[in-house]
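A.B. asks: Okay, so here is final_9.cif, and as you'll see once you scroll down, it has mmCIF, C-alpha atoms.
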data_entry
loop_
_atom_site.group_PDB
_atom_site.id
_atom_site.type_symbol
_atom_site.label_atom_id
_atom_site.label_comp_id
_atom_site.auth_asym_id
_atom_site.auth_seq_id
_atom_site.Cartn_x
_atom_site.Cartn_y
_atom_site.Cartn_z
ATOM 1 C CA MET A 204 13.780 -9.422 4.897
ATOM 2 C CA LYS A 205 11.311 -7.157 6.711
ATOM 3 C CA VAL A 206 8.131 -5.867 5.052
ATOM 4 C CA ARG A 207 5.134 -3.908 6.272
ATOM 5 C CA ALA A 208 1.550 -4.927 5.551
ATOM 6 C CA TYR A 209 -0.696 -1.851 5.647
ATOM 7 C CA ALA A 210 -4.343 -2.036 6.685
ATOM 8 C CA LYS A 211 -7.183 -0.312 4.795
ATOM 9 C CA VAL A 212 -10.442 1.452 5.515
ATOM 10 C CA ASN A 213 -13.518 1.719 3.318
ATOM 11 C CA LEU A 214 -14.437 5.383 2.999
ATOM 12 C CA ALA A 215 -17.517 4.294 1.062
ATOM 13 C CA LEU A 216 -18.918 0.812 0.473
ATOM 14 C CA ASP A 217 -22.001 0.052 -1.609
ATOM 15 C CA VAL A 218 -23.288 -3.480 -2.041
ATOM 16 C CA VAL A 219 -24.779 -3.141 -5.516
ATOM 17 C CA ARG A 220 -26.310 -6.565 -6.122
ATOM 18 C CA LYS A 221 -25.919 -10.280 -5.538
ATOM 19 C CA ARG A 222 -24.407 -12.106 -8.497
ATOM 20 C CA GLU A 223 -25.462 -15.468 -9.893
ATOM 21 C CA ASP A 224 -22.218 -17.029 -8.597
ATOM 22 C CA GLY A 225 -23.173 -16.081 -5.026
ATOM 23 C CA TYR A 226 -20.705 -13.223 -4.687
ATOM 24 C CA HIS A 227 -21.848 -9.641 -4.210
ATOM 25 C CA GLU A 228 -21.054 -6.855 -6.670
ATOM 26 C CA LEU A 229 -19.465 -3.941 -4.798
ATOM 27 C CA ASP A 230 -18.599 -0.297 -5.421
ATOM 28 C CA MET A 231 -16.083 1.032 -2.889
ATOM 29 C CA VAL A 232 -13.525 3.705 -2.216
ATOM 30 C CA MET A 233 -10.700 2.169 -0.217
ATOM 31 C CA ALA A 234 -7.701 3.860 1.367
ATOM 32 C CA PRO A 235 -4.556 2.361 2.913
ATOM 33 C CA ILE A 236 -3.723 3.537 6.432
ATOM 34 C CA THR A 237 -0.491 3.664 8.406
ATOM 35 C CA LEU A 238 -1.537 0.876 10.806
ATOM 36 C CA HIS A 239 0.436 -2.186 9.716
ATOM 37 C CA ASP A 240 1.650 -5.677 10.532
ATOM 38 C CA LEU A 241 5.388 -6.395 10.464
ATOM 39 C CA ILE A 242 6.475 -9.459 8.511
ATOM 40 C CA TYR A 243 9.922 -11.056 8.643
ATOM 41 C CA ILE A 244 10.586 -13.539 5.845
ATOM 42 C CA HIS A 245 13.647 -15.532 4.826
ATOM 43 C CA LYS A 246 14.549 -18.600 2.790
ATOM 44 C CA ILE A 247 14.742 -22.088 4.304
ATOM 45 C CA LYS A 248 15.601 -25.449 2.768
ATOM 46 C CA ASP A 249 12.028 -26.392 1.938
ATOM 47 C CA GLY A 250 8.406 -25.994 2.998
ATOM 48 C CA ILE A 251 6.537 -23.058 4.523
ATOM 49 C CA GLU A 252 6.817 -22.190 8.210
ATOM 50 C CA ILE A 253 4.753 -19.445 9.851
ATOM 51 C CA THR A 254 5.083 -18.122 13.394
ATOM 52 C CA SER A 255 3.285 -15.214 15.035
ATOM 53 C CA ASN A 256 3.099 -13.098 18.154
ATOM 54 C CA THR A 257 -0.571 -14.088 18.538
ATOM 55 C CA TYR A 258 -2.464 -17.356 18.853
ATOM 56 C CA LYS A 259 -5.563 -15.832 17.207
ATOM 57 C CA MET A 260 -4.524 -16.622 13.648
ATOM 58 C CA PRO A 261 -3.822 -20.008 12.055
ATOM 59 C CA THR A 262 -0.239 -20.684 10.994
ATOM 60 C CA ASP A 263 -0.965 -23.631 8.695
ATOM 61 C CA GLU A 264 -2.403 -23.897 5.170
ATOM 62 C CA ARG A 265 -5.491 -21.902 6.243
ATOM 63 C CA ASN A 266 -3.360 -18.752 6.533
ATOM 64 C CA ILE A 267 -3.451 -16.349 3.559
ATOM 65 C CA MET A 268 0.336 -15.908 3.716
ATOM 66 C CA TYR A 269 0.746 -19.676 3.444
ATOM 67 C CA LYS A 270 -1.627 -19.781 0.459
ATOM 68 C CA VAL A 271 0.156 -17.087 -1.546
ATOM 69 C CA ALA A 272 3.607 -18.496 -0.710
ATOM 70 C CA LYS A 273 2.514 -21.970 -1.847
ATOM 71 C CA LEU A 274 1.017 -20.513 -5.025
ATOM 72 C CA LEU A 275 4.286 -18.761 -5.930
ATOM 73 C CA MET A 276 6.416 -21.787 -5.011
ATOM 74 C CA ASP A 277 4.344 -24.126 -7.183
ATOM 75 C CA ARG A 278 3.860 -21.784 -10.137
ATOM 76 C CA TYR A 279 7.478 -20.649 -10.425
ATOM 77 C CA HIS A 280 9.135 -23.876 -9.150
ATOM 78 C CA LEU A 281 11.061 -22.025 -6.467
ATOM 79 C CA PRO A 282 14.199 -23.853 -5.305
ATOM 80 C CA CYS A 283 13.588 -23.532 -1.561
ATOM 81 C CA GLY A 284 10.987 -22.715 1.062
ATOM 82 C CA VAL A 285 10.250 -19.717 3.271
ATOM 83 C CA LYS A 286 9.939 -19.028 6.969
ATOM 84 C CA ILE A 287 7.610 -16.186 7.907
ATOM 85 C CA HIS A 288 7.254 -14.514 11.291
ATOM 86 C CA ILE A 289 4.477 -11.967 11.642
ATOM 87 C CA TYR A 290 4.036 -9.363 14.338
ATOM 88 C CA LYS A 291 0.279 -8.746 14.175
ATOM 89 C CA GLN A 292 -1.034 -5.284 14.978
ATOM 90 C CA ILE A 293 -4.102 -5.262 12.698
ATOM 91 C CA PRO A 294 -6.996 -6.930 14.550
ATOM 92 C CA THR A 295 -9.000 -9.758 12.992
ATOM 93 C CA GLN A 296 -12.716 -9.527 12.083
ATOM 94 C CA ALA A 297 -12.333 -5.752 11.941
ATOM 95 C CA GLY A 298 -12.951 -4.846 8.296
ATOM 96 C CA LEU A 299 -9.348 -3.621 7.948
ATOM 97 C CA ALA A 300 -8.115 -6.332 5.517
ATOM 98 C CA GLY A 301 -5.415 -7.562 7.872
ATOM 99 C CA GLY A 302 -5.166 -11.008 6.266
ATOM 100 C CA SER A 303 -5.217 -9.637 2.719
ATOM 101 C CA ALA A 304 -2.555 -7.059 3.581
ATOM 102 C CA ASP A 305 -0.336 -9.838 4.943
ATOM 103 C CA GLY A 306 -0.829 -11.910 1.788
ATOM 104 C CA ALA A 307 0.007 -8.953 -0.441
ATOM 105 C CA ALA A 308 3.149 -8.171 1.561
ATOM 106 C CA VAL A 309 4.372 -11.764 1.228
ATOM 107 C CA LEU A 310 3.768 -11.628 -2.545
ATOM 108 C CA ARG A 311 5.872 -8.476 -2.859
ATOM 109 C CA ALA A 312 8.595 -9.842 -0.565
ATOM 110 C CA MET A 313 8.927 -13.177 -2.368
ATOM 111 C CA ASN A 314 8.947 -11.394 -5.733
ATOM 112 C CA THR A 315 12.030 -9.509 -4.535
ATOM 113 C CA MET A 316 13.702 -12.398 -2.679
ATOM 114 C CA PHE A 317 13.460 -14.818 -5.586
ATOM 115 C CA GLN A 318 14.027 -12.155 -8.266
ATOM 116 C CA LEU A 319 10.829 -13.126 -10.107
ATOM 117 C CA GLY A 320 10.576 -9.751 -11.838
ATOM 118 C CA LEU A 321 6.780 -9.621 -11.592
ATOM 119 C CA SER A 322 5.013 -6.257 -11.895
ATOM 120 C CA LEU A 323 2.492 -5.077 -9.303
ATOM 121 C CA HIS A 324 -0.270 -5.839 -11.833
ATOM 122 C CA GLU A 325 0.989 -9.408 -12.201
ATOM 123 C CA LEU A 326 1.211 -9.796 -8.410
ATOM 124 C CA ALA A 327 -2.346 -8.460 -8.080
ATOM 125 C CA ASP A 328 -3.578 -11.019 -10.638
ATOM 126 C CA ILE A 329 -1.950 -13.797 -8.642
ATOM 127 C CA GLY A 330 -3.291 -12.415 -5.368
ATOM 128 C CA LYS A 331 -6.924 -12.305 -6.504
ATOM 129 C CA GLU A 332 -6.802 -16.095 -6.835
ATOM 130 C CA VAL A 333 -6.497 -16.183 -3.036
ATOM 131 C CA GLY A 334 -8.454 -13.165 -1.757
ATOM 132 C CA ALA A 335 -10.566 -10.357 -3.214
ATOM 133 C CA ASP A 336 -8.845 -7.570 -1.223
ATOM 134 C CA ILE A 337 -5.294 -8.686 -2.055
ATOM 135 C CA PRO A 338 -5.045 -6.747 -5.370
ATOM 136 C CA PHE A 339 -5.823 -3.472 -3.572
ATOM 137 C CA CYS A 340 -3.327 -4.301 -0.825
ATOM 138 C CA VAL A 341 -0.599 -5.050 -3.392
ATOM 139 C CA PHE A 342 -0.783 -1.476 -4.749
ATOM 140 C CA GLU A 343 -1.404 0.371 -1.422
ATOM 141 C CA LYS A 344 -3.058 3.361 -3.129
ATOM 142 C CA ILE A 345 -6.437 5.050 -2.665
ATOM 143 C CA ALA A 346 -8.746 3.531 -5.260
ATOM 144 C CA LEU A 347 -12.256 3.117 -6.565
ATOM 145 C CA VAL A 348 -12.739 -0.634 -6.223
ATOM 146 C CA ARG A 349 -15.453 -2.550 -8.062
ATOM 147 C CA GLY A 350 -16.635 -6.063 -8.813
ATOM 148 C CA ILE A 351 -15.726 -8.362 -5.932
ATOM 149 C CA GLY A 352 -12.589 -6.278 -5.333
ATOM 150 C CA GLU A 353 -10.594 -7.042 -8.456
ATOM 151 C CA LYS A 354 -11.374 -3.911 -10.518
ATOM 152 C CA LEU A 355 -9.192 -1.002 -9.409
ATOM 153 C CA GLU A 356 -9.211 2.612 -10.541
ATOM 154 C CA PHE A 357 -6.576 4.590 -8.650
ATOM 155 C CA ILE A 358 -7.296 8.088 -7.377
ATOM 156 C CA ASP A 359 -4.133 10.126 -7.747
ATOM 157 C CA ASN A 360 -4.495 12.628 -4.946
ATOM 158 C CA ASN A 361 -2.655 12.548 -1.631
ATOM 159 C CA PHE A 362 -5.774 13.110 0.449
ATOM 160 C CA HIS A 363 -4.959 13.566 4.145
ATOM 161 C CA SER A 364 -6.938 12.810 7.267
ATOM 162 C CA TYR A 365 -6.196 11.611 10.773
ATOM 163 C CA LEU A 366 -8.212 8.556 11.783
ATOM 164 C CA LEU A 367 -9.055 7.133 15.185
ATOM 165 C CA LEU A 368 -9.752 3.398 15.068
ATOM 166 C CA VAL A 369 -11.900 1.787 17.749
ATOM 167 C CA LYS A 370 -12.947 -1.861 17.705
ATOM 168 C CA PRO A 371 -15.163 -3.618 20.241
ATOM 169 C CA LYS A 372 -14.047 -7.061 21.366
ATOM 170 C CA LYS A 373 -16.711 -8.868 19.356
ATOM 171 C CA GLY A 374 -15.974 -9.165 15.644
ATOM 172 C CA VAL A 375 -18.346 -9.508 12.703
ATOM 173 C CA SER A 376 -18.627 -12.514 10.412
ATOM 174 C CA THR A 377 -18.523 -11.167 6.851
ATOM 175 C CA PRO A 378 -20.769 -13.949 5.442
ATOM 176 C CA LYS A 379 -23.359 -13.292 8.169
ATOM 177 C CA SER A 380 -23.290 -9.548 7.520
ATOM 178 C CA PHE A 381 -23.885 -10.079 3.791
ATOM 179 C CA GLY A 382 -26.504 -12.726 4.543
ATOM 180 C CA MET A 383 -28.594 -10.299 6.588
ATOM 181 C CA LEU A 384 -28.729 -7.650 3.859
ATOM 182 C CA ASN A 385 -31.992 -6.503 2.338
ATOM 183 C CA LEU A 386 -30.607 -4.721 -0.713
ATOM 184 C CA LYS A 387 -33.873 -2.961 -1.566
ATOM 185 C CA GLU A 388 -34.060 -1.275 1.841
ATOM 186 C CA ALA A 389 -30.317 -0.918 2.513
ATOM 187 C CA LEU A 390 -28.331 2.323 2.486
ATOM 188 C CA HIS A 391 -26.504 2.830 -0.818
ATOM 189 C CA PRO A 392 -23.844 5.547 -0.433
ATOM 190 C CA GLN A 393 -22.784 7.819 -3.299
ATOM 191 C CA VAL A 394 -19.457 6.163 -4.034
ATOM 192 C CA LEU A 395 -18.672 8.312 -7.076
ATOM 193 C CA GLU A 396 -19.236 11.461 -4.987
ATOM 194 C CA MET A 397 -16.689 10.107 -2.504
ATOM 195 C CA LYS A 398 -14.260 9.556 -5.380
ATOM 196 C CA LYS A 399 -14.796 13.134 -6.571
ATOM 197 C CA GLY A 400 -14.247 14.478 -3.046
ATOM 198 C CA ILE A 401 -10.854 12.801 -2.892
ATOM 199 C CA GLU A 402 -9.914 13.898 -6.417
ATOM 200 C CA ASP A 403 -10.766 17.513 -5.518
ATOM 201 C CA ASN A 404 -9.073 17.201 -2.106
ATOM 202 C CA ASP A 405 -12.417 18.323 -0.647
ATOM 203 C CA TYR A 406 -12.359 17.127 2.959
ATOM 204 C CA ASP A 407 -15.931 18.219 3.694
ATOM 205 C CA LYS A 408 -17.251 16.362 0.651
ATOM 206 C CA VAL A 409 -15.435 13.222 1.749
ATOM 207 C CA VAL A 410 -16.972 13.450 5.223
ATOM 208 C CA GLU A 411 -20.458 14.068 3.780
ATOM 209 C CA ASN A 412 -20.255 10.943 1.633
ATOM 210 C CA LEU A 413 -19.066 8.444 4.228
ATOM 211 C CA GLY A 414 -21.368 5.431 3.946
ATOM 212 C CA ASN A 415 -21.401 1.645 4.224
ATOM 213 C CA THR A 416 -24.219 -0.690 3.165
ATOM 214 C CA LEU A 417 -22.955 -3.339 5.602
ATOM 215 C CA GLU A 418 -23.090 -1.084 8.648
ATOM 216 C CA GLU A 419 -26.736 -1.718 9.583
ATOM 217 C CA PRO A 420 -26.621 -5.544 9.589
ATOM 218 C CA SER A 421 -23.285 -5.471 11.421
ATOM 219 C CA ILE A 422 -24.691 -3.144 14.098
ATOM 220 C CA SER A 423 -27.554 -5.593 14.645
ATOM 221 C CA MET A 424 -24.919 -8.234 15.513
ATOM 222 C CA VAL A 425 -22.578 -5.907 17.441
ATOM 223 C CA PRO A 426 -24.534 -2.952 18.938
ATOM 224 C CA ASP A 427 -21.291 -1.451 20.315
ATOM 225 C CA ILE A 428 -20.518 -0.294 16.757
ATOM 226 C CA GLU A 429 -23.329 2.260 16.919
ATOM 227 C CA LYS A 430 -22.415 3.241 20.484
ATOM 228 C CA ILE A 431 -18.816 3.934 19.430
ATOM 229 C CA LYS A 432 -19.980 6.032 16.470
ATOM 230 C CA ASP A 433 -22.229 8.114 18.745
ATOM 231 C CA GLU A 434 -19.427 8.662 21.269
ATOM 232 C CA MET A 435 -17.034 9.739 18.514
ATOM 233 C CA MET A 436 -19.461 12.344 17.186
ATOM 234 C CA GLU A 437 -20.119 13.646 20.708
ATOM 235 C CA LEU A 438 -16.367 14.181 21.104
ATOM 236 C CA GLY A 439 -16.386 16.399 18.001
ATOM 237 C CA PHE A 440 -15.064 14.198 15.196
ATOM 238 C CA ASP A 441 -16.201 15.251 11.723
ATOM 239 C CA GLY A 442 -17.481 11.870 10.572
ATOM 240 C CA THR A 443 -17.501 8.218 11.558
ATOM 241 C CA LEU A 444 -17.973 4.940 9.703
ATOM 242 C CA MET A 445 -17.587 1.230 10.196
ATOM 243 C CA SER A 446 -14.950 -0.184 7.831
ATOM 244 C CA GLY A 447 -15.762 -3.169 5.632
ATOM 245 C CA SER A 448 -18.101 -5.566 7.402
ATOM 246 C CA GLY A 449 -16.738 -4.390 10.768
ATOM 247 C CA SER A 450 -16.503 -4.370 13.613
ATOM 248 C CA CYS A 451 -13.839 -1.622 13.615
ATOM 249 C CA VAL A 452 -15.106 1.974 13.471
ATOM 250 C CA PHE A 453 -13.021 4.936 12.350
ATOM 251 C CA ALA A 454 -13.476 8.629 13.068
ATOM 252 C CA MET A 455 -12.095 11.391 10.834
ATOM 253 C CA THR A 456 -10.501 14.664 11.838
ATOM 254 C CA GLN A 457 -7.849 17.108 10.693
ATOM 255 C CA ASP A 458 -7.258 18.185 14.291
ATOM 256 C CA LYS A 459 -4.338 16.349 15.921
ATOM 257 C CA GLU A 460 -5.396 17.478 19.406
ATOM 258 C CA LEU A 461 -8.876 16.003 18.933
ATOM 259 C CA LEU A 462 -7.285 12.772 17.702
ATOM 260 C CA GLU A 463 -5.320 12.548 20.953
ATOM 261 C CA LYS A 464 -8.382 13.486 23.028
ATOM 262 C CA GLY A 465 -10.374 10.714 21.368
ATOM 263 C CA PHE A 466 -7.570 8.215 21.907
ATOM 264 C CA GLN A 467 -7.420 9.020 25.618
ATOM 265 C CA PHE A 468 -11.219 8.737 25.909
ATOM 266 C CA PHE A 469 -11.477 5.333 24.246
ATOM 267 C CA LYS A 470 -8.198 3.605 25.106
ATOM 268 C CA ASN A 471 -9.369 1.821 28.259
ATOM 269 C CA LYS A 472 -12.971 1.339 27.164
ATOM 270 C CA TYR A 473 -12.636 -0.920 24.127
ATOM 271 C CA TYR A 474 -10.631 -3.883 22.903
ATOM 272 C CA PHE A 475 -8.594 -2.073 20.237
ATOM 273 C CA VAL A 476 -7.886 1.675 19.947
ATOM 274 C CA ARG A 477 -5.283 3.206 17.604
ATOM 275 C CA LYS A 478 -4.356 6.571 16.104
ATOM 276 C CA THR A 479 -3.553 6.382 12.412
ATOM 277 C CA GLN A 480 -3.888 8.303 9.147
ATOM 278 C CA ILE A 481 -4.257 7.779 5.413
ATOM 279 C CA TYR A 482 -1.065 6.183 4.084
ATOM 280 C CA HIS A 483 0.806 7.377 0.998
ATOM 281 C CA ARG A 484 3.703 5.219 -0.115
ATOM 282 C CA GLU A 485 5.451 8.094 -1.920
ATOM 283 C CA GLU A 486 5.570 10.152 1.277
ATOM 284 C CA GLU A 487 6.958 7.169 3.194
ATOM 285 C CA LYS A 488 9.826 6.878 0.708
ATOM 286 C CA TYR A 489 10.488 10.601 1.038
ATOM 287 C CA ARG A 490 10.604 10.398 4.848
ATOM 288 C CA ASN A 491 12.994 7.455 4.669
#
Represent the structure from my file as structure tokens, please.

C.D. replies:
Amino acid sequence: MKVRAYAKVNLALDVVRKREDGYHELDMVMAPITLHDLIYIHKIKDGIEITSNTYKMPTDERNIMYKVAKLLMDRYHLPCGVKIHIYKQIPTQAGLAGGSADGAAVLRAMNTMFQLGLSLHELADIGKEVGADIPFCVFEKIALVRGIGEKLEFIDNNFHSYLLLVKPKKGVSTPKSFGMLNLKEALHPQVLEMKKGIEDNDYDKVVENLGNTLEEPSISMVPDIEKIKDEMMELGFDGTLMSGSGSCVFAMTQDKELLEKGFQFFKNKYYFVRKTQIYHREEEKYRN
């Protein structure tokens, strides 16, 4: 069985407060994008085997796909094991939820393979036991996301934008980025204004409300983030933002020629450069 694991970007990310349990309360607007990993999964006699096209990710019990597969196997007493091969295209330490997307895709695939009959809501509940971004990745829909990532309010509008993704070689440690935050002095974007912009299909409003509380501490660790943002704006993109805790930056445009121009400008300058756009599952089904 072949499944796709779609990456995400944070169009707005506000770190609201630090909770007593050590986690941070977040308000975010997240959107799936067409950049994806390809996962091939089939049944084997027993156990969990993971192989990959890259050495940069663990293939043992540290892997999110391993964790969700083990959780399903133990909880539902599955009669056999699974072998998973992943073709990674989403970079790590980028703020694009590559690991969470992979975990969500394995949940959906095993639900089908083993005829478990679980709803997306039930899969999301299982997924949040492993990773905070997995529930969003299970649904693959633009959403207002709150809490530590488990509270989802979907935004039913097929908002469109082309995105250019550029990531410097150096990644950002999420714990370090959060650890460097001074919440009183940090930028707190208007997340609800971003939500309204998407609901109204107001591209300019979306661009105006791009914002990420984690951008400043991440830039202090990886200065290339700010350099990339400046270069994108000089090329004529409408808005730029670092996704998640970084270090990947995206630029927004509705101009396909500018998207290509930006791709040509950046492609030999930085570690990872891709053209993508906001993903809508319904449109994918229609195209297929």

A.B. asks: Is it possible to get the residues within 12 Å of (-0.7, 5.0, 13.2) (coordinates as in the file, counting only C-alpha atoms) written as an NGL selection string?

C.D. replies: :A and (209-211 or 235-240 or 292-293 or 364-368 or 462-463 or 466 or 476-482)

A.B. asks: Name the residues that the PyMOL selection byres ((chain A and resi 241-245) around 6) picks from the file above, as a PyMOL selection string, using the file's chain letters and numbers.

C.D. replies: chain A and resi 204-207+240+246+285-290

A.B. asks: Quick one: which residues end up in the PyMOL selection byres ((chain A and resi 393) around 10) for this structure, as JSON, numbers by chain?

C.D. replies: {"A": [215, 216, 217, 230, 231, 390, 391, 392, 394, 395, 396, 397, 398, 411, 412, 413, 414, 415]}

A.B. asks: What's the separation between atom CA of Leu299 of chain A and atom CA of Leu274 of chain A, in Å to one decimal place?

C.D. replies: 23.7 Å

A.B. asks: For the file shown, report as a list in words the outcome of the PyMOL selection byres ((chain A and resi 442-454) around 6) at residue level.

C.D. replies: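 Written out, the selection comes to Val212, Asn213, Ala297, Gly298, Leu366, Leu367, Leu368, Val369, Lys370, Gly374, Val375, Thr377, Val410, Leu417, Lys432, Phe440, Asp441 and Met455 of chain A.
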
A.B. asks: If you keep C-alpha atoms, can you produce a file of those selected residues as a PDB file, keeping the file's coordinate frame?

C.D. replies:
ATOM      1  CA  VAL A 212     -10.442   1.452   5.515  1.00  0.00           C
ATOM      2  CA  ASN A 213     -13.518   1.719   3.318  1.00  0.00           C
ATOM      3  CA  ALA A 297     -12.333  -5.752  11.941  1.00  0.00           C
ATOM      4  CA  GLY A 298     -12.951  -4.846   8.296  1.00  0.00           C
ATOM      5  CA  LEU A 366      -8.212   8.556  11.783  1.00  0.00           C
ATOM      6  CA  LEU A 367      -9.055   7.133  15.185  1.00  0.00           C
ATOM      7  CA  LEU A 368      -9.752   3.398  15.068  1.00  0.00           C
ATOM      8  CA  VAL A 369     -11.900   1.787  17.749  1.00  0.00           C
ATOM      9  CA  LYS A 370     -12.947  -1.861  17.705  1.00  0.00           C
ATOM     10  CA  GLY A 374     -15.974  -9.165  15.644  1.00  0.00           C
ATOM     11  CA  VAL A 375     -18.346  -9.508  12.703  1.00  0.00           C
ATOM     12  CA  THR A 377     -18.523 -11.167   6.851  1.00  0.00           C
ATOM     13  CA  VAL A 410     -16.972  13.450   5.223  1.00  0.00           C
ATOM     14  CA  LEU A 417     -22.955  -3.339   5.602  1.00  0.00           C
ATOM     15  CA  LYS A 432     -19.980   6.032  16.470  1.00  0.00           C
ATOM     16  CA  PHE A 440     -15.064  14.198  15.196  1.00  0.00           C
ATOM     17  CA  ASP A 441     -16.201  15.251  11.723  1.00  0.00           C
ATOM     18  CA  MET A 455     -12.095  11.391  10.834  1.00  0.00           C
TER      19      MET A 455
END

A.B. asks: If we count only C-alpha atoms, what is near segment 332-348 of chain A at a cut-off of 6 Å, once residues fewer than 3 positions away on the same chain are taken out, given as a list in words?

C.D. replies: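 Result of the neighbour search: Asp230, Met231, Val232, Met233, Ala234, Pro235, Ser303, Ala304, Ala307, Ala327, Ile329, Gly352, Lys354, Leu355, Glu356, Phe357 and Ile358 of chain A.
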
A.B. asks: What gap, in Å, lies between atom CA of Ile422 of chain A and atom CA of Gly382 of chain A?

C.D. replies: 13.7 Å

A.B. asks: With distances taken over all atoms listed in the file, which of A:Gly465, A:Pro420, A:Gly301, A:Pro371 is nearest to Glu388 of chain A?

C.D. replies: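 Counting all atoms listed in the file, the residue closest to Glu388 of chain A is A:Pro420.
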
A.B. asks: Hey, can you check how far atom CA of Asp263 of chain A sits from atom CA of Arg278 of chain A?

C.D. replies: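 One can read the atom CA of Asp263 of chain A to atom CA of Arg278 of chain A distance as 19.5 Å.
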
A.B. asks: Of the candidates A:Lys408, A:Ile428, A:Leu386, A:Tyr474, which one gets nearest to Leu229 of chain A if we count all atoms listed in the file?

C.D. replies: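 So, comparing all the options, the nearest one is A:Leu386.
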
A.B. asks: Go through A:Val409, A:Ile251, A:Met383, A:Met260 one by one, measure the shortest atom-to-atom distance of each to Met424 of chain A using all atoms listed in the file, and give the residue with the smallest value.

C.D. replies: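 Counting all atoms listed in the file, the residue closest to Met424 of chain A is A:Met383.
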
A.B. asks: Point out the residue among A:His324, A:Glu353, A:His363, A:Ser423 with the least atom-to-atom distance to Ser380 of chain A, counting all atoms listed in the file.

C.D. replies: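 Once distances to Ser380 of chain A are computed over all atoms listed in the file, the minimum belongs to A:Ser423.
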
A.B. asks: List the neighbours of Gly250 of chain A out to 8 Å using all atoms listed in the file; skip same-chain residues closer than 3 positions along the sequence, and give me the result as a PDB file with C-alpha atoms, keeping the file's coordinate frame.

C.D. replies:
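Final output, selection33.pdb:
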ATOM      1  CA  ILE A 247      14.742 -22.088   4.304  1.00  0.00           C
ATOM      2  CA  CYS A 283      13.588 -23.532  -1.561  1.00  0.00           C
ATOM      3  CA  GLY A 284      10.987 -22.715   1.062  1.00  0.00           C
ATOM      4  CA  VAL A 285      10.250 -19.717   3.271  1.00  0.00           C
TER       5      VAL A 285
END
